[in-house]
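Below is one structure, written out as structure tokens; comments come after it.
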Amino acid sequence: MAAGAFEARLLRRIAQYGPLSVAEFMTDALLHPEFGYYMKQAAIGRSGDFVTAPEVSQIFGELIGLWLAQVWMDHGAKPAVHLVELGGGRGTLMADILRAAKLLPAFGDAIVLHMVEASPLMRAAQEQALASFKPQFHDTIATVPDGPLYLVANEFFDALPIRQFQKSEDGWRERQIGAEGGALIWGLGPVVAPDWISPRFGDVPQGAIVEINAAAEAIMADIGKRIATHGGAALVVDYGDWISAGDTLQAMKGHRYADPLADIGTAG
Ligand SMILES: C[S@@+](CC[C@H](N)C(=O)[O-])C[C@H]1O[C@@H](n2cnc3c(N)ncnc32)[C@H](O)[C@@H]1O
């Protein structure tokens, strides 16, 4: 269905239920079963909308594979471990990791492979790229069985939905997507209770935006608990800078920044 039809549907939803949080908007734009970006196209790579490190060079994944083999030995070379990737894209990173990991055959034999992936298209690509390791697929990390966990995630956490809050003169307000004149527009919701925003943002200037990624916090907590209980290691790679406040929402189309409210579902 055309992007315009998706926008019309969002406009109807807003008319019926009120403005969307950025997180609700992102969830639909990326993962709506029918129209969401990751549900319709596997547009990672030079010919797609954006490129990721594993799509640039196999060295990235092979080094991670060697690091994992070393950590596995350091942890006592357990005979069965769960190797998990969150949001594995086309399966390129995991294929590179496994190529290097197999250099230590006992590690290769110990691996039970799990891919946590929301997109059926990406799952199909991963199934093909990783066939010899018979990956088990999961919608969330919650269904990965307990046990030693070796986990990697490249550009996964920054694809999860965020909520944004802006400091206004009378308090923090949530950034929302509403409608005006038949088009989607940015706006601000009512003032939220002060305890919604961490006190560490107390001194940011008026107009500043802070972001809350509740899904990331929950997944990180789960990973930490599993590793503390069963052993293992996690390597999470994302890109950003050290500043804790600011608007990081961006859409990529054809390797260029795109307006997140334009042609929804066609930009990553
Ligand atoms: C930016 S891509 C990164 C792909 C890959 N890691 C790479 O480096 O090429 C994000 C990946 O996470 C998946 N994804 C996004 N949101 C997800 C979610 N909530 N649960 C599981 N997978 C998700 C996407 O389908 C895609 O495979």
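Labeling convention for the structure tokens: chains A, B, ... as they appear, residues from 1 per chain, ligands from 1 in order of appearance.
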
Contacts of ligand 1, 9 Å or closer, only C-alpha atoms and all ligand atoms, given as a ChimeraX atom specification: /A:27,30-31,37-39,42,44-45,50-55,85-94,115-123,138-141,152-161,215,237,268

Please save N, CA and C atoms of the selected residues as a compact mmCIF listing (two decimals), in the first residue's frame.
# COMPACT_ATOMS: atom_id res chain seq x y z
N THR A 27 6.89 2.79 16.38
CA THR A 27 6.50 1.38 16.34
C THR A 27 5.73 1.09 15.07
N LEU A 30 7.96 1.57 11.77
CA LEU A 30 8.98 0.54 11.54
C LEU A 30 8.39 -0.87 11.50
N LEU A 31 7.39 -1.14 12.36
CA LEU A 31 7.01 -2.54 12.57
C LEU A 31 5.53 -2.84 12.35
N TYR A 37 8.23 -0.27 7.95
CA TYR A 37 9.43 -0.28 7.11
C TYR A 37 10.11 -1.66 7.10
N TYR A 38 10.37 -2.22 8.28
CA TYR A 38 11.11 -3.49 8.33
C TYR A 38 10.25 -4.67 7.87
N MET A 39 8.96 -4.47 7.75
CA MET A 39 8.08 -5.56 7.32
C MET A 39 8.00 -5.65 5.79
N ALA A 42 13.99 -5.20 2.99
CA ALA A 42 15.22 -5.48 3.71
C ALA A 42 16.27 -4.53 3.15
N ILE A 44 18.83 -2.77 3.93
CA ILE A 44 20.14 -2.46 4.53
C ILE A 44 21.20 -2.80 3.50
N GLY A 45 22.18 -1.93 3.34
CA GLY A 45 23.26 -2.21 2.40
C GLY A 45 23.41 -1.08 1.41
N PHE A 50 20.31 2.52 4.13
CA PHE A 50 21.43 2.85 5.02
C PHE A 50 22.35 1.63 5.09
N VAL A 51 23.58 1.90 5.47
CA VAL A 51 24.55 0.81 5.52
C VAL A 51 25.02 0.65 6.96
N THR A 52 25.29 -0.58 7.35
CA THR A 52 25.77 -0.84 8.71
C THR A 52 27.17 -1.46 8.63
N ALA A 53 27.88 -1.46 9.76
CA ALA A 53 29.28 -1.90 9.75
C ALA A 53 29.48 -3.28 9.11
N PRO A 54 28.66 -4.30 9.46
CA PRO A 54 28.90 -5.61 8.86
C PRO A 54 28.71 -5.62 7.34
N GLU A 55 27.89 -4.69 6.84
CA GLU A 55 27.67 -4.64 5.39
C GLU A 55 28.82 -3.93 4.68
N GLU A 85 21.80 -13.01 18.72
CA GLU A 85 21.90 -11.67 18.12
C GLU A 85 20.52 -11.02 18.15
N LEU A 86 20.52 -9.76 18.55
CA LEU A 86 19.28 -8.97 18.53
C LEU A 86 19.26 -8.16 17.24
N GLY A 87 18.18 -8.26 16.48
CA GLY A 87 18.04 -7.46 15.25
C GLY A 87 19.17 -7.70 14.27
N GLY A 88 19.26 -8.92 13.78
CA GLY A 88 20.41 -9.34 12.98
C GLY A 88 20.40 -8.93 11.52
N GLY A 89 19.46 -8.12 11.10
CA GLY A 89 19.46 -7.63 9.72
C GLY A 89 19.50 -8.77 8.71
N ARG A 90 20.40 -8.69 7.76
CA ARG A 90 20.48 -9.71 6.70
C ARG A 90 21.25 -10.95 7.13
N GLY A 91 21.71 -10.98 8.39
CA GLY A 91 22.45 -12.15 8.88
C GLY A 91 23.94 -12.06 8.58
N THR A 92 24.37 -10.95 8.02
CA THR A 92 25.76 -10.79 7.61
C THR A 92 26.70 -10.82 8.82
N LEU A 93 26.34 -10.07 9.86
CA LEU A 93 27.21 -10.00 11.04
C LEU A 93 27.37 -11.39 11.66
N MET A 94 26.25 -12.09 11.86
CA MET A 94 26.34 -13.40 12.50
C MET A 94 27.11 -14.40 11.62
N MET A 115 18.27 -16.02 17.04
CA MET A 115 18.15 -14.70 16.41
C MET A 115 16.83 -14.08 16.88
N VAL A 116 16.93 -12.93 17.53
CA VAL A 116 15.73 -12.19 17.96
C VAL A 116 15.44 -11.18 16.86
N GLU A 117 14.34 -11.38 16.16
CA GLU A 117 14.11 -10.57 14.95
C GLU A 117 12.61 -10.37 14.74
N ALA A 118 12.23 -9.12 14.52
CA ALA A 118 10.80 -8.81 14.34
C ALA A 118 10.35 -8.95 12.89
N SER A 119 11.26 -8.78 11.95
CA SER A 119 10.85 -8.70 10.54
C SER A 119 10.91 -10.06 9.85
N PRO A 120 9.79 -10.49 9.26
CA PRO A 120 9.81 -11.77 8.53
C PRO A 120 10.79 -11.76 7.37
N LEU A 121 10.96 -10.60 6.73
CA LEU A 121 11.90 -10.52 5.61
C LEU A 121 13.34 -10.72 6.09
N MET A 122 13.67 -10.07 7.19
CA MET A 122 15.01 -10.23 7.76
C MET A 122 15.22 -11.66 8.23
N ARG A 123 14.18 -12.24 8.83
CA ARG A 123 14.28 -13.64 9.28
C ARG A 123 14.62 -14.56 8.11
N HIS A 138 13.21 -15.79 17.51
CA HIS A 138 12.41 -15.31 18.65
C HIS A 138 11.89 -13.91 18.34
N ASP A 139 10.68 -13.62 18.86
CA ASP A 139 10.15 -12.25 18.75
C ASP A 139 10.82 -11.33 19.76
N THR A 140 11.14 -11.88 20.93
CA THR A 140 11.81 -11.09 21.98
C THR A 140 12.84 -11.99 22.66
N ILE A 141 13.72 -11.36 23.43
CA ILE A 141 14.73 -12.14 24.15
C ILE A 141 14.09 -13.00 25.24
N VAL A 152 25.20 -10.40 20.94
CA VAL A 152 25.66 -9.23 20.20
C VAL A 152 24.44 -8.49 19.64
N ALA A 153 24.61 -7.18 19.51
CA ALA A 153 23.55 -6.34 18.92
C ALA A 153 24.23 -5.15 18.27
N ASN A 154 24.08 -5.03 16.97
CA ASN A 154 24.64 -3.89 16.26
C ASN A 154 23.50 -3.07 15.69
N GLU A 155 23.41 -1.82 16.11
CA GLU A 155 22.35 -0.92 15.63
C GLU A 155 20.97 -1.52 15.83
N PHE A 156 20.78 -2.17 16.97
CA PHE A 156 19.47 -2.69 17.34
C PHE A 156 18.79 -1.74 18.32
N PHE A 157 19.50 -1.39 19.39
CA PHE A 157 18.86 -0.57 20.43
C PHE A 157 18.44 0.79 19.89
N ASP A 158 19.21 1.31 18.91
CA ASP A 158 18.83 2.64 18.41
C ASP A 158 17.68 2.55 17.40
N ALA A 159 17.21 1.33 17.10
CA ALA A 159 16.03 1.20 16.25
C ALA A 159 14.76 1.02 17.09
N LEU A 160 14.92 0.94 18.42
CA LEU A 160 13.75 0.73 19.28
C LEU A 160 13.02 2.06 19.51
N PRO A 161 11.71 2.00 19.75
CA PRO A 161 10.93 3.24 19.89
C PRO A 161 11.33 4.05 21.12
N ALA A 215 11.89 0.27 26.17
CA ALA A 215 12.14 -1.10 25.70
C ALA A 215 13.61 -1.45 25.89
N VAL A 237 26.61 -2.49 20.09
CA VAL A 237 27.24 -1.40 19.32
C VAL A 237 26.15 -0.48 18.79
N GLY A 268 14.06 4.11 6.92
CA GLY A 268 14.47 3.37 8.11
C GLY A 268 15.02 4.27 9.19

Strand (DSSP E or B) per DSSP on the backbone: members of stretch 17-233 of chain A, as a PyMOL selection string: chain A and resi 20-21+44+50+81-86+111-116+136-138+149-154+163-168+171-180+183-191+209-212+232-233

Restricting it to C-alpha atoms, dump the selection as a compact mmCIF listing (two decimals), in the first residue's frame.
# COMPACT_ATOMS: atom_id res chain seq x y z
CA LEU A 20 0.62 9.66 19.12
CA SER A 21 3.75 9.55 21.24
CA ILE A 44 20.14 -2.46 4.53
CA PHE A 50 21.43 2.85 5.02
CA VAL A 81 26.07 -21.79 25.24
CA HIS A 82 23.39 -19.57 23.73
CA LEU A 83 24.77 -17.24 21.08
CA VAL A 84 22.14 -14.55 20.54
CA GLU A 85 21.90 -11.67 18.12
CA LEU A 86 19.28 -8.97 18.53
CA ILE A 111 26.91 -22.78 20.08
CA VAL A 112 23.12 -22.90 20.09
CA LEU A 113 22.16 -20.01 17.81
CA HIS A 114 19.23 -17.67 18.53
CA MET A 115 18.15 -14.70 16.41
CA VAL A 116 15.73 -12.19 17.96
CA GLN A 136 16.09 -20.52 16.41
CA PHE A 137 14.00 -17.38 15.92
CA HIS A 138 12.41 -15.31 18.65
CA LEU A 149 24.54 -16.10 27.18
CA TYR A 150 26.83 -14.62 24.53
CA LEU A 151 24.96 -11.76 22.92
CA VAL A 152 25.66 -9.23 20.20
CA ALA A 153 23.55 -6.34 18.92
CA ASN A 154 24.64 -3.89 16.26
CA ARG A 163 9.55 8.74 23.85
CA GLN A 164 10.69 12.34 23.74
CA PHE A 165 10.11 15.03 26.35
CA GLN A 166 10.81 18.73 25.92
CA LYS A 167 11.49 21.17 28.71
CA SER A 168 9.04 24.05 28.47
CA GLY A 171 7.60 21.82 33.02
CA TRP A 172 8.33 18.78 30.85
CA ARG A 173 5.92 18.00 28.01
CA GLU A 174 5.87 14.96 25.74
CA ARG A 175 6.56 15.49 22.04
CA GLN A 176 3.65 14.10 20.07
CA ILE A 177 2.47 13.65 16.52
CA GLY A 178 -0.94 15.18 15.90
CA ALA A 179 -2.93 16.30 12.89
CA GLU A 180 -3.79 19.65 11.33
CA ALA A 183 -1.42 16.47 7.63
CA LEU A 184 0.70 15.07 10.45
CA ILE A 185 2.32 17.72 12.62
CA TRP A 186 4.62 17.88 15.64
CA GLY A 187 3.19 19.14 18.92
CA LEU A 188 3.60 19.01 22.69
CA GLY A 189 1.32 17.23 25.16
CA PRO A 190 0.31 18.42 28.63
CA VAL A 191 2.88 18.93 31.38
CA ILE A 209 14.68 17.38 24.48
CA VAL A 210 15.41 14.19 26.42
CA GLU A 211 14.57 10.69 25.25
CA ILE A 212 13.38 7.63 27.12
CA GLY A 232 28.34 -14.93 29.50
CA ALA A 233 29.03 -11.60 27.83

Secondary structure check, alpha helix (DSSP H) residues of stretch 5-235 of chain A, as an MDAnalysis selection string: chainID A and resid 5:17 22:31 37:40 53:56 58:74 92:101 105:110 120:129 214:230

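Nearest-residue note for A:Ala267: choosing from A:Val22, A:Ala216, A:Ala8, A:Ala29, the minimum distance belongs to A:Ala29, counting only C-alpha atoms.
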
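Nearest residue to A:Met252, choosing from A:Glu7, A:Glu34, A:Asp49, A:Glu62 and counting only C-alpha atoms: A:Asp49.
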